[in-house]
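K.L.:
Structure supplied as final-v3.cif; contents: mmCIF, C-alpha atoms.
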data_structure
loop_
_atom_site.label_atom_id
_atom_site.label_comp_id
_atom_site.auth_asym_id
_atom_site.auth_seq_id
_atom_site.Cartn_x
_atom_site.Cartn_y
_atom_site.Cartn_z
CA VAL K 1 -20.23 24.81 -44.41
CA LEU K 2 -23.96 24.52 -44.80
CA ILE K 3 -25.03 23.68 -48.35
CA LEU K 4 -28.60 24.69 -49.15
CA VAL K 5 -30.17 22.37 -51.73
CA ARG K 6 -32.94 24.26 -53.48
CA SER K 7 -34.77 21.31 -54.87
CA PRO K 8 -38.40 21.61 -55.97
CA LEU K 9 -40.82 19.89 -53.62
CA PRO K 10 -42.21 17.14 -55.93
CA ARG K 11 -38.67 15.83 -56.64
CA LEU K 12 -37.91 15.65 -52.91
CA ARG K 13 -41.21 13.91 -52.25
CA ALA K 14 -40.47 11.40 -55.02
CA LEU K 15 -37.04 10.74 -53.54
CA LEU K 16 -38.48 10.18 -50.10
CA GLN K 17 -41.08 7.79 -51.45
CA ARG K 18 -38.42 5.85 -53.28
CA CYS K 19 -36.34 5.63 -50.09
CA TRP K 20 -39.40 4.51 -48.17
CA GLY K 21 -40.11 1.92 -50.86
CA ARG K 22 -36.58 0.55 -50.46
CA LEU K 23 -36.96 0.38 -46.70
CA GLU K 24 -40.26 -1.46 -47.10
CA CYS K 25 -38.86 -4.10 -49.42
CA GLY K 26 -35.75 -4.39 -47.27
CA LEU K 27 -33.48 -4.50 -50.36
CA TRP K 28 -31.70 -2.05 -52.66
CA PRO K 29 -33.72 -1.40 -55.81
CA SER K 30 -30.73 -2.05 -58.08
CA VAL K 31 -30.59 -5.71 -56.95
CA LEU K 32 -34.28 -6.60 -57.16
CA ARG K 33 -36.14 -4.34 -59.46
CA GLY K 34 -39.83 -5.09 -59.91
CA GLN K 35 -39.67 -8.58 -58.33
CA SER K 36 -41.30 -7.84 -55.00
CA PRO K 37 -44.70 -6.16 -55.27
CA PRO K 38 -45.58 -3.52 -52.73
CA TRP K 39 -46.90 -5.17 -49.58
CA GLY K 40 -50.49 -4.81 -48.68
CA PRO K 41 -52.27 -5.72 -45.45
CA ALA K 42 -53.52 -9.35 -45.41
CA LEU K 43 -56.70 -8.27 -43.69
CA ALA K 44 -58.37 -5.00 -44.60
CA VAL K 45 -59.02 -3.20 -41.34
CA GLN K 46 -60.10 0.37 -40.75
CA GLY K 47 -57.03 2.07 -39.46
CA PRO K 48 -54.65 4.94 -39.95
CA ALA K 49 -52.75 5.11 -43.20
CA LEU K 50 -49.27 3.95 -42.23
CA VAL K 51 -47.91 3.94 -45.73
CA PRO K 52 -47.90 7.15 -47.68
CA ARG K 53 -49.23 5.89 -51.02
CA GLY K 54 -50.81 6.94 -54.26
CA LEU K 55 -50.12 10.62 -54.64
CA ASN K 56 -50.72 11.42 -58.30
CA ASP K 57 -47.66 13.38 -59.13
CA ALA K 58 -45.49 10.80 -57.32
CA SER K 59 -46.57 7.96 -59.74
CA GLU K 60 -45.83 10.16 -62.73
CA SER K 61 -42.38 11.03 -61.57
CA SER K 62 -41.48 7.52 -60.33
CA THR K 63 -39.87 6.65 -63.67
CA GLU K 64 -37.39 9.54 -63.53
CA ALA K 65 -33.64 9.04 -63.59
CA PRO K 66 -32.03 9.03 -60.10
CA SER K 67 -31.64 12.60 -58.91
CA LEU K 68 -28.50 14.40 -57.78
CA LEU K 69 -29.15 13.54 -54.14
CA GLU K 70 -28.98 9.76 -54.86
CA SER K 71 -25.88 9.81 -57.09
CA ILE K 72 -23.64 11.61 -54.52
CA LEU K 73 -21.24 9.30 -52.62
CA TRP K 74 -22.22 9.81 -48.98
CA MET K 75 -19.30 9.58 -46.54
CA ALA K 76 -19.10 9.52 -42.73
CA ALA K 77 -18.24 12.77 -40.97
CA PRO K 78 -18.22 13.68 -37.29
CA LYS K 79 -21.43 15.24 -36.11
CA GLN K 80 -20.12 17.05 -33.04
CA ARG K 81 -16.81 18.45 -31.92
CA ARG K 82 -15.08 16.06 -29.50
CA THR K 83 -14.77 17.81 -26.16
CA ILE K 84 -11.42 18.18 -24.46
CA GLU K 85 -12.56 15.77 -21.72
CA VAL K 86 -13.28 13.02 -24.25
CA ASN K 87 -10.03 13.78 -26.06
CA ARG K 88 -8.07 13.55 -22.81
CA CYS K 89 -9.66 10.19 -21.99
CA ARG K 90 -8.55 8.82 -25.35
CA ARG K 91 -5.07 10.36 -25.38
CA ARG K 92 -4.19 9.39 -21.82
CA HIS K 93 -5.50 5.83 -21.90
CA PRO K 94 -2.85 3.42 -20.46
CA SER K 95 -2.56 1.56 -23.76
CA LYS K 96 -1.34 4.79 -25.43
CA LEU K 97 1.20 5.83 -22.81
CA ILE K 98 4.87 4.81 -23.00
CA GLU K 99 5.62 1.83 -20.73
CA MET K 100 8.14 2.27 -17.97
CA LYS K 101 11.08 -0.17 -18.14
CA ARG K 102 11.71 -1.91 -14.84
CA ASN K 103 14.55 -4.19 -16.05
CA ILE K 104 17.41 -1.66 -15.88
CA ASP K 105 20.27 -2.48 -13.52
CA VAL K 106 23.81 -1.37 -12.75
CA CYS K 107 26.69 -3.40 -14.25
CA PRO K 108 28.77 -4.78 -11.34
CA GLU K 109 32.01 -4.46 -13.34
CA CYS K 110 31.95 -0.88 -14.60
CA GLY K 111 28.91 0.73 -12.94
CA ASN K 112 27.15 1.73 -16.16
CA LEU K 113 23.46 1.04 -16.63
CA LYS K 114 22.43 -2.11 -18.46
CA GLN K 115 19.26 -4.06 -19.11
CA LYS K 116 19.07 -7.29 -17.13
CA HIS K 117 18.99 -9.65 -20.12
CA VAL K 118 21.48 -7.67 -22.27
CA LEU K 119 25.26 -7.41 -22.02
CA CYS K 120 26.73 -4.17 -20.64
CA GLY K 121 27.52 -1.82 -23.56
CA TYR K 122 30.75 -0.49 -22.08
CA CYS K 123 32.15 -3.89 -21.12
CA TYR K 124 31.20 -5.32 -24.53
CA ALA K 125 32.90 -2.40 -26.34
CA LYS K 126 36.04 -3.09 -24.26
CA VAL K 127 36.03 -6.78 -25.20
CA LYS K 128 35.24 -5.98 -28.85
CA GLU K 129 38.25 -3.63 -29.11
CA GLU K 130 40.58 -6.24 -27.61
CA THR K 131 39.28 -8.96 -29.98
CA ARG K 132 39.85 -6.59 -32.91
CA LEU K 133 43.49 -6.14 -31.89
CA ILE K 134 43.92 -9.90 -31.38
CA ARG K 135 42.44 -10.52 -34.84
CA MET K 136 44.89 -8.01 -36.34
CA GLU K 137 47.75 -10.01 -34.82
CA ILE K 138 46.20 -13.23 -36.17
CA GLY K 139 45.97 -11.61 -39.62
CA LYS K 140 49.65 -10.63 -39.50
CA LYS K 141 50.61 -14.18 -38.51
CA GLU K 142 48.49 -15.87 -41.20
CA GLY K 143 49.75 -13.54 -43.90
CA GLY K 144 46.99 -13.90 -46.49
CA PRO K 145 43.33 -14.92 -46.77
CA PHE K 146 42.08 -18.52 -46.42
CA ASN K 147 44.98 -19.65 -44.19
CA ALA K 148 43.00 -20.92 -41.19
CA PRO K 149 45.28 -23.10 -39.05
CA THR K 150 44.50 -26.72 -38.16
CA VAL K 151 45.54 -26.27 -34.51
CA GLU K 152 44.05 -24.38 -31.57
CA THR K 153 45.10 -20.82 -30.78
CA VAL K 154 46.18 -19.23 -27.48
CA VAL K 155 46.76 -15.53 -26.73
CA LEU K 156 49.75 -14.58 -24.56
CA TYR K 157 50.50 -11.13 -23.21
CA GLU K 158 53.80 -9.51 -22.23
CA GLY K 159 56.04 -11.60 -20.02
CA GLU K 160 53.98 -14.79 -20.27
CA LYS K 161 55.21 -18.21 -21.27
CA ALA K 162 53.30 -21.04 -22.85
CA THR K 163 52.29 -23.63 -20.23
CA GLU K 164 52.32 -27.40 -20.80
CA LYS K 165 48.59 -27.23 -21.55
CA ASP K 166 49.33 -25.03 -24.59
CA GLU K 167 51.55 -27.69 -26.16
CA GLY K 168 50.63 -27.88 -29.84
CA LYS K 169 48.79 -24.57 -30.08
CA ARG K 170 49.51 -21.55 -32.25
CA ILE K 171 50.64 -18.65 -30.04
CA ILE K 172 49.43 -15.08 -30.66
CA GLU K 173 51.53 -12.41 -28.91
CA ARG K 174 49.91 -9.20 -27.72
CA ALA K 175 52.30 -6.38 -26.80
CA ARG K 176 50.62 -5.19 -23.63
CA LYS K 177 50.00 -6.20 -20.04
CA ARG K 178 47.28 -8.79 -19.51
CA PRO K 179 43.95 -7.00 -18.71
CA SER K 180 42.42 -7.94 -15.35
CA TRP K 181 39.18 -9.18 -16.93
CA PHE K 182 40.95 -11.66 -19.26
CA VAL K 183 41.85 -14.50 -16.93
CA GLN K 184 44.43 -16.97 -18.24
CA ASN K 185 43.17 -20.58 -18.21
CA MET X 1 -19.02 -18.61 -43.00
CA ARG X 2 -15.43 -17.62 -43.68
CA LEU X 3 -14.41 -19.10 -47.02
CA SER X 4 -10.78 -17.95 -47.10
CA VAL X 5 -7.92 -18.47 -44.62
CA ALA X 6 -6.79 -15.31 -42.81
CA ALA X 7 -3.43 -14.28 -44.24
CA ALA X 8 -1.37 -13.68 -41.09
CA ILE X 9 -1.71 -17.08 -39.36
CA SER X 10 1.57 -19.04 -39.07
CA HIS X 11 0.88 -21.64 -36.37
CA GLY X 12 3.62 -24.21 -35.92
CA ARG X 13 6.09 -22.69 -38.40
CA VAL X 14 9.61 -23.14 -36.98
CA TYR X 15 11.74 -21.44 -39.62
CA ARG X 16 11.94 -17.66 -39.90
CA ARG X 17 11.67 -15.93 -43.26
CA LEU X 18 15.01 -14.22 -43.92
CA GLY X 19 16.47 -12.65 -47.04
CA LEU X 20 14.79 -12.71 -50.45
CA GLY X 21 13.42 -16.27 -50.40
CA PRO X 22 14.21 -19.83 -49.17
CA ARG X 23 17.38 -20.12 -51.26
CA SER X 24 18.57 -16.68 -50.15
CA ARG X 25 17.82 -17.60 -46.54
CA LEU X 26 20.04 -20.68 -46.79
CA ASP X 27 22.82 -18.67 -48.43
CA LEU X 28 22.63 -16.06 -45.67
CA LEU X 29 22.82 -18.72 -42.97
CA ARG X 30 25.63 -20.47 -44.80
CA ASN X 31 27.68 -17.25 -44.84
CA LEU X 32 27.05 -16.79 -41.13
CA VAL X 33 28.09 -20.38 -40.31
CA THR X 34 31.29 -19.92 -42.34
CA ALA X 35 32.05 -16.68 -40.51
CA LEU X 36 31.42 -18.32 -37.13
CA VAL X 37 33.76 -21.21 -37.89
CA ARG X 38 36.44 -18.78 -39.12
CA HIS X 39 36.27 -16.10 -36.41
CA GLU X 40 34.65 -18.12 -33.55
CA ARG X 41 32.67 -15.04 -32.44
CA ILE X 42 30.40 -12.91 -34.61
CA GLU X 43 27.98 -10.04 -34.06
CA THR X 44 24.79 -10.16 -36.11
CA PRO X 45 21.03 -9.46 -35.78
CA TRP X 46 19.46 -11.66 -33.13
CA ALA X 47 17.02 -13.39 -35.46
CA ARG X 48 19.79 -14.48 -37.84
CA ALA X 49 22.00 -15.64 -34.96
CA ASP X 50 19.16 -17.64 -33.44
CA GLU X 51 18.33 -19.22 -36.81
CA MET X 52 21.98 -20.02 -37.52
CA ARG X 53 22.65 -21.58 -34.13
CA GLY X 54 20.81 -24.81 -34.88
CA TYR X 55 22.57 -25.27 -38.21
CA ALA X 56 26.02 -24.63 -36.66
CA GLU X 57 25.46 -27.15 -33.87
CA ARG X 58 24.21 -29.81 -36.27
CA LEU X 59 27.28 -29.20 -38.47
CA ILE X 60 29.54 -29.83 -35.46
CA ASP X 61 27.56 -33.00 -34.68
CA TYR X 62 28.21 -34.18 -38.23
CA ALA X 63 31.91 -33.25 -37.88
CA LYS X 64 32.16 -35.36 -34.74
CA ARG X 65 31.49 -38.43 -36.90
CA GLY X 66 34.95 -37.97 -38.38
CA ASP X 67 36.16 -36.84 -41.80
CA LYS X 68 36.10 -40.37 -43.27
CA ASP X 69 32.28 -40.22 -43.14
CA GLU X 70 30.90 -39.40 -46.58
CA ARG X 71 27.79 -37.54 -45.35
CA ALA X 72 29.81 -35.48 -42.88
CA MET X 73 32.21 -34.40 -45.63
CA ARG X 74 29.36 -33.46 -47.99
CA MET X 75 27.65 -31.44 -45.26
CA ALA X 76 30.88 -29.61 -44.44
CA ASP X 77 31.47 -29.01 -48.15
CA PHE X 78 28.03 -27.43 -48.55
CA TRP X 79 27.94 -25.37 -45.38
CA LEU X 80 31.50 -23.98 -45.40
CA THR X 81 32.07 -21.82 -48.47
CA GLU X 82 35.76 -21.28 -47.63
CA LYS X 83 37.38 -24.68 -48.07
CA ASP X 84 40.29 -24.22 -45.65
CA LEU X 85 37.71 -24.13 -42.85
CA ILE X 86 36.76 -27.75 -43.54
CA HIS X 87 40.20 -28.72 -42.22
CA LYS X 88 39.70 -26.47 -39.18
CA LEU X 89 36.27 -27.98 -38.54
CA PHE X 90 37.42 -31.61 -38.54
CA LYS X 91 40.84 -31.11 -36.91
CA VAL X 92 40.17 -28.35 -34.35
CA LEU X 93 36.46 -28.03 -33.55
CA ALA X 94 35.50 -31.74 -33.58
CA PRO X 95 38.17 -32.74 -30.99
CA ARG X 96 37.42 -29.63 -28.92
CA PHE X 97 33.74 -30.56 -28.58
CA GLN X 98 34.15 -34.35 -28.40
CA PRO X 99 33.52 -34.56 -24.62
CA HIS X 100 30.44 -32.26 -24.83
CA PRO X 101 27.02 -33.77 -25.76
CA GLY X 102 25.59 -30.53 -27.21
CA GLY X 103 25.43 -26.78 -26.68
CA TYR X 104 28.59 -25.77 -28.51
CA THR X 105 27.51 -22.17 -29.03
CA ARG X 106 26.64 -19.28 -26.73
CA LEU X 107 24.12 -16.63 -27.81
CA LEU X 108 24.04 -13.32 -25.90
CA GLN X 109 22.08 -10.18 -26.63
CA ILE X 110 23.92 -6.87 -26.97
CA PRO X 111 22.58 -3.28 -27.03
CA ASN X 112 20.59 -2.37 -30.16
CA ARG X 113 22.48 -1.40 -33.30
CA ASP X 114 23.56 2.27 -33.57
CA GLY X 115 22.16 2.85 -37.06
CA LEU X 116 18.70 4.07 -38.05
CA ASP X 117 17.05 0.63 -37.74
CA ARG X 118 18.04 0.07 -34.05
CA ALA X 119 17.99 -3.67 -34.74
CA LYS X 120 18.12 -6.24 -31.93
CA MET X 121 21.69 -7.54 -32.11
CA ALA X 122 23.35 -10.61 -30.64
CA VAL X 123 26.84 -12.02 -30.40
CA ILE X 124 27.19 -15.76 -31.03
CA GLU X 125 30.41 -17.56 -30.19
CA LEU X 126 31.77 -21.08 -30.06
CA LYS X 127 32.56 -22.20 -26.51
CA GLY X 128 36.24 -22.69 -25.73
CA ASN X 129 37.44 -19.98 -28.12
CA PRO X 130 40.78 -18.22 -27.42
CA LEU X 131 39.26 -14.72 -27.40
CA PRO X 132 38.61 -12.68 -24.20
CA PRO X 133 35.43 -13.78 -22.35
CA LEU X 134 32.23 -11.77 -22.84
CA VAL X 135 30.72 -12.43 -19.40
CA ARG X 136 32.66 -12.91 -16.21
CA PRO X 137 31.16 -15.60 -14.00
CA ARG X 138 30.01 -13.95 -10.77
CA ARG X 139 30.42 -15.75 -7.51
CA ASP X 140 27.94 -15.00 -4.76
CA SER X 141 29.16 -12.39 -2.31
CA ASP X 142 30.71 -13.61 0.93
CA LYS X 143 28.35 -11.40 2.95
CA THR X 144 25.13 -13.36 2.21
CA LEU X 145 23.55 -15.17 5.16
CA LEU X 146 24.09 -18.67 3.77
CA ASN X 147 27.75 -18.00 2.95
CA GLN X 148 28.38 -16.52 6.42
CA LEU X 149 26.81 -19.59 8.05
CA LEU X 150 28.91 -21.91 5.88
CA LYS X 151 32.04 -19.91 6.74
CA GLY X 152 31.24 -20.25 10.44
CA TYR X 153 30.66 -23.99 10.04
CA ARG X 154 34.00 -24.39 8.24
CA GLN X 155 35.79 -22.43 10.99
CA ASP X 156 34.17 -24.55 13.71
CA ALA X 157 35.19 -27.74 11.89
CA GLN X 158 38.76 -26.41 11.58
CA ARG X 159 38.91 -25.50 15.27
CA ALA X 160 37.60 -28.92 16.27
CA ALA X 161 40.17 -30.68 14.05
#
Could the structure of this file be written out as structure tokens, please?

P.N.:
Amino acid sequence: VLILVRSPLPRLRALLQRCWGRLECGLWPSVLRGQSPPWGPALAVQGPALVPRGLNDASESSTEAPSLLESILWMAAPKQRRTIEVNRCRRRHPSKLIEMKRNIDVCPECGNLKQKHVLCGYCYAKVKEETRLIRMEIGKKEGGPFNAPTVETVVLYEGEKATEKDEGKRIIERARKRPSWFVQN
Amino acid sequence: MRLSVAAAISHGRVYRRLGLGPRSRLDLLRNLVTALVRHERIETPWARADEMRGYAERLIDYAKRGDKDERAMRMADFWLTEKDLIHKLFKVLAPRFQPHPGGYTRLLQIPNRDGLDRAKMAVIELKGNPLPPLVRPRRDSDKTLLNQLLKGYRQDAQRAA
């Protein structure tokens, strides 16, 4: 939207001279007001007038309050529409694309996919279910809370006897056949 | 000249920031150590398991000193909130790990949690526990070149003998 500012010409000229004055001094007028005098050439030489100075109506109006154009908060806005080529370059830059994972393998036990440094989800779920059932049996044997035994524990499946290695251990019975992946030590 | 330190530098810091503060962090880790000693295998976020691992192994090192040792008993009293586990620690875990110089725990990563946060999870277990094993040790296949050559060498030695 194009906003047309119908300002009278002397006000605009005064604004421009003030801006030029700021640029000359190299500082904002609110910080150093009236400390640095306007520069003049050290050596008076005949030459073109570089500095627009001394217009009568400008000196009269230099003591005005800051106009509307100075008190607006100026913010950045894009000047031109970004073309589709530029947009594509930004959107398809390698840093913005999703990385391909190259660390996916096949689990040798079950054949499901797994990441190389992570346990297989299927095999872990299998083991987790069996440990849950073993812990239920342990809970039944202990009876209540805070009854941890002071001896080791060994898990025996159907048809198995305690060996001489499992002498003083607490035996947990599981009513099923021993699974192939749980090797008895 | 920069007059203030940038906020996000943490060079050389070894301890993670867990929970609501330092006290809460210690309570969290204490609960995890108690659970590990009770159940011998727990599933928890990876950062907490990694942080807890050092404390659990040091507790077992203290337990190896024997239950007559005053410092060992005070450590066990602080770290194990359920007091029947102190007996288990000194009578079961200390003898179990007596021949081992260190490395009493095993930390393995599992697939990310199913909930909304998809947190990186790990399972930490004490070695020598009675539960089913998490990872089956894989022997090299017999069909590799080296194994075939060794098999041939063994057969030749047998035929010669």

K.L.:
For chain X, which residues have at least one atom within 6 Å of chain K, if we go by all atoms listed in the file? Write them as a list in words, please.

P.N.:
Lys88, Lys91, Val92, Gln109, Ile110, Pro130 and Pro132 of chain X

K.L.:
Write the selection just made, keeping C-alpha atoms, as a tab-separated table (two decimals), keeping the file's coordinate frame?

P.N.:
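Resulting contents of result.tsv:
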chain	number	residue	atom	x	y	z
X	88	LYS	CA	39.70	-26.47	-39.18
X	91	LYS	CA	40.84	-31.11	-36.91
X	92	VAL	CA	40.17	-28.35	-34.35
X	109	GLN	CA	22.08	-10.18	-26.63
X	110	ILE	CA	23.92	-6.87	-26.97
X	130	PRO	CA	40.78	-18.22	-27.42
X	132	PRO	CA	38.61	-12.68	-24.20

K.L.:
Which residue out of K:Thr163, K:Glu173, K:Arg91, K:Ala125 has the minimum interatomic distance to Lys140 of chain K when all atoms listed in the file are used?

P.N.:
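For Lys140 of chain K, the nearest of the candidates is K:Glu173.
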
K.L.:
One number please: atom CA of Ala63 of chain X to atom CA of Leu80 of chain X, in Å, one decimal.

P.N.:
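For atom CA of Ala63 of chain X relative to atom CA of Leu80 of chain X, the distance reads 11.9 Å.
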
K.L.:
Written as a ChimeraX atom specification, what is the full residue list that the PyMOL selection byres ((chain K and resi 15) around 9) yields on the file shown?

P.N.:
/K:10-14,16-20,62,66-67,69-70

K.L.:
Report as a PDB file with C-alpha atoms, keeping the file's coordinate frame the full result of the PyMOL selection byres ((chain X and resi 30) around 10) when it is applied to this structure.

P.N.:
ATOM      1  CA  SER X  24      18.570 -16.680 -50.150  1.00  0.00           C
ATOM      2  CA  ARG X  25      17.820 -17.600 -46.540  1.00  0.00           C
ATOM      3  CA  LEU X  26      20.040 -20.680 -46.790  1.00  0.00           C
ATOM      4  CA  ASP X  27      22.820 -18.670 -48.430  1.00  0.00           C
ATOM      5  CA  LEU X  28      22.630 -16.060 -45.670  1.00  0.00           C
ATOM      6  CA  LEU X  29      22.820 -18.720 -42.970  1.00  0.00           C
ATOM      7  CA  ASN X  31      27.680 -17.250 -44.840  1.00  0.00           C
ATOM      8  CA  LEU X  32      27.050 -16.790 -41.130  1.00  0.00           C
ATOM      9  CA  VAL X  33      28.090 -20.380 -40.310  1.00  0.00           C
ATOM     10  CA  THR X  34      31.290 -19.920 -42.340  1.00  0.00           C
ATOM     11  CA  ALA X  35      32.050 -16.680 -40.510  1.00  0.00           C
ATOM     12  CA  LEU X  36      31.420 -18.320 -37.130  1.00  0.00           C
ATOM     13  CA  MET X  52      21.980 -20.020 -37.520  1.00  0.00           C
ATOM     14  CA  TYR X  55      22.570 -25.270 -38.210  1.00  0.00           C
ATOM     15  CA  ALA X  56      26.020 -24.630 -36.660  1.00  0.00           C
ATOM     16  CA  PHE X  78      28.030 -27.430 -48.550  1.00  0.00           C
ATOM     17  CA  TRP X  79      27.940 -25.370 -45.380  1.00  0.00           C
ATOM     18  CA  LEU X  80      31.500 -23.980 -45.400  1.00  0.00           C
ATOM     19  CA  THR X  81      32.070 -21.820 -48.470  1.00  0.00           C
TER      20      THR X  81
END

K.L.:
Which residue, X:Leu126, X:Ala157, X:Leu131, X:Ala6, has the smallest gap to Arg96 of chain X when you use only C-alpha atoms?

P.N.:
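The shortest atom-to-atom distance to Arg96 of chain X comes from X:Leu126.
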
K.L.:
If you measure from atom CA of Arg106 of chain X to atom CA of Lys127 of chain X, what distance in Å do you get, rounded to one decimal?

P.N.:
6.6 Å

K.L.:
Go through K:Arg81, K:Arg90, K:Lys96, K:Arg174 and flag the residue nearest Glu137 of chain K, using all atoms listed in the file for the distances.

P.N.:
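Looking at the shortest contact to Glu137 of chain K, the residue is K:Arg174.
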
K.L.:
Can you tell me how far atom CA of Lys177 of chain K sits from atom CA of Ala162 of chain K, in Å to one decimal?

P.N.:
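Straight-line distance from atom CA of Lys177 of chain K to atom CA of Ala162 of chain K works out to 15.5 Å.
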
K.L.:
Within 7 Å of Met121 of chain X, counting all atoms listed in the file, which residues qualify if same-chain residues fewer than 2 places away don't, as a list in words?

P.N.:
Thr44, Pro45, Trp46, Gln109, Ile110, Pro111, Asn112, Arg113 and Ala119 of chain X

K.L.:
Centre and edge lengths of an axis-aligned box around all listed atoms of segment 95-103 of chain K, with 5 Å added on each side, are to be given in Å to one decimal, as lines of an AutoDock Vina configuration file.

P.N.:
center_x = 6.0
center_y = 0.8
center_z = -20.1
size_x = 27.1
size_y = 20.0
size_z = 20.6

K.L.:
With all atoms listed in the file as the basis for distance, which of X:Val37, X:Val14, X:Leu149, X:Ala7 is at the shortest distance from Glu82 of chain X?

P.N.:
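Residue with the minimum atom-to-atom distance to Glu82 of chain X: X:Val37.
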
K.L.:
When distances are computed from only C-alpha atoms, which of X:Gly21, X:Pro101, X:Gly12, X:Gly128 shows the smallest separation from Glu40 of chain X?

P.N.:
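Checking each candidate against Glu40 of chain X, we get X:Gly128 as the closest.
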
K.L.:
With distances taken over all atoms listed in the file, which residue among X:Gly102, X:Phe90, X:Tyr153, X:Leu59 lies nearest Met75 of chain X?

P.N.:
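Among the listed residues, the smallest separation from Met75 of chain X belongs to X:Leu59.
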
K.L.:
My structure is short of atoms at segment 7-12 of chain X; please model all heavy atoms there, returning them as an mmCIF file, keeping the file's coordinate frame.

P.N.:
data_model
loop_
_atom_site.group_PDB
_atom_site.id
_atom_site.type_symbol
_atom_site.label_atom_id
_atom_site.label_comp_id
_atom_site.auth_asym_id
_atom_site.auth_seq_id
_atom_site.Cartn_x
_atom_site.Cartn_y
_atom_site.Cartn_z
ATOM 1 N N ALA X 7 -4.779 -14.249 -43.682
ATOM 2 C CA ALA X 7 -3.430 -14.280 -44.240
ATOM 3 C C ALA X 7 -2.336 -14.404 -43.192
ATOM 4 O O ALA X 7 -1.314 -15.013 -43.450
ATOM 5 C CB ALA X 7 -3.208 -13.019 -45.062
ATOM 6 N N ALA X 8 -2.518 -13.820 -41.985
ATOM 7 C CA ALA X 8 -1.370 -13.680 -41.090
ATOM 8 C C ALA X 8 -1.219 -14.824 -40.093
ATOM 9 O O ALA X 8 -0.510 -14.677 -39.119
ATOM 10 C CB ALA X 8 -1.491 -12.361 -40.346
ATOM 11 N N ILE X 9 -1.873 -15.962 -40.295
ATOM 12 C CA ILE X 9 -1.710 -17.080 -39.360
ATOM 13 C C ILE X 9 -0.478 -17.868 -39.763
ATOM 14 O O ILE X 9 -0.301 -18.202 -40.927
ATOM 15 C CB ILE X 9 -2.956 -18.005 -39.393
ATOM 16 C CG1 ILE X 9 -4.176 -17.238 -38.895
ATOM 17 C CG2 ILE X 9 -2.727 -19.219 -38.515
ATOM 18 C CD1 ILE X 9 -5.434 -18.071 -38.908
ATOM 19 N N SER X 10 0.402 -18.204 -38.771
ATOM 20 C CA SER X 10 1.570 -19.040 -39.070
ATOM 21 C C SER X 10 1.794 -19.985 -37.906
ATOM 22 O O SER X 10 2.882 -20.063 -37.345
ATOM 23 C CB SER X 10 2.794 -18.172 -39.329
ATOM 24 O OG SER X 10 3.381 -17.772 -38.142
ATOM 25 N N HIS X 11 0.763 -20.732 -37.511
ATOM 26 C CA HIS X 11 0.880 -21.640 -36.370
ATOM 27 C C HIS X 11 1.823 -22.779 -36.703
ATOM 28 O O HIS X 11 1.705 -23.414 -37.741
ATOM 29 C CB HIS X 11 -0.490 -22.202 -36.003
ATOM 30 C CG HIS X 11 -1.391 -21.173 -35.404
ATOM 31 N ND1 HIS X 11 -2.724 -21.376 -35.220
ATOM 32 C CD2 HIS X 11 -1.163 -19.931 -34.953
ATOM 33 C CE1 HIS X 11 -3.271 -20.310 -34.676
ATOM 34 N NE2 HIS X 11 -2.337 -19.416 -34.509
ATOM 35 N N GLY X 12 2.772 -23.038 -35.776
ATOM 36 C CA GLY X 12 3.620 -24.210 -35.920
ATOM 37 C C GLY X 12 4.791 -24.043 -36.867
ATOM 38 O O GLY X 12 5.564 -24.964 -37.045
#
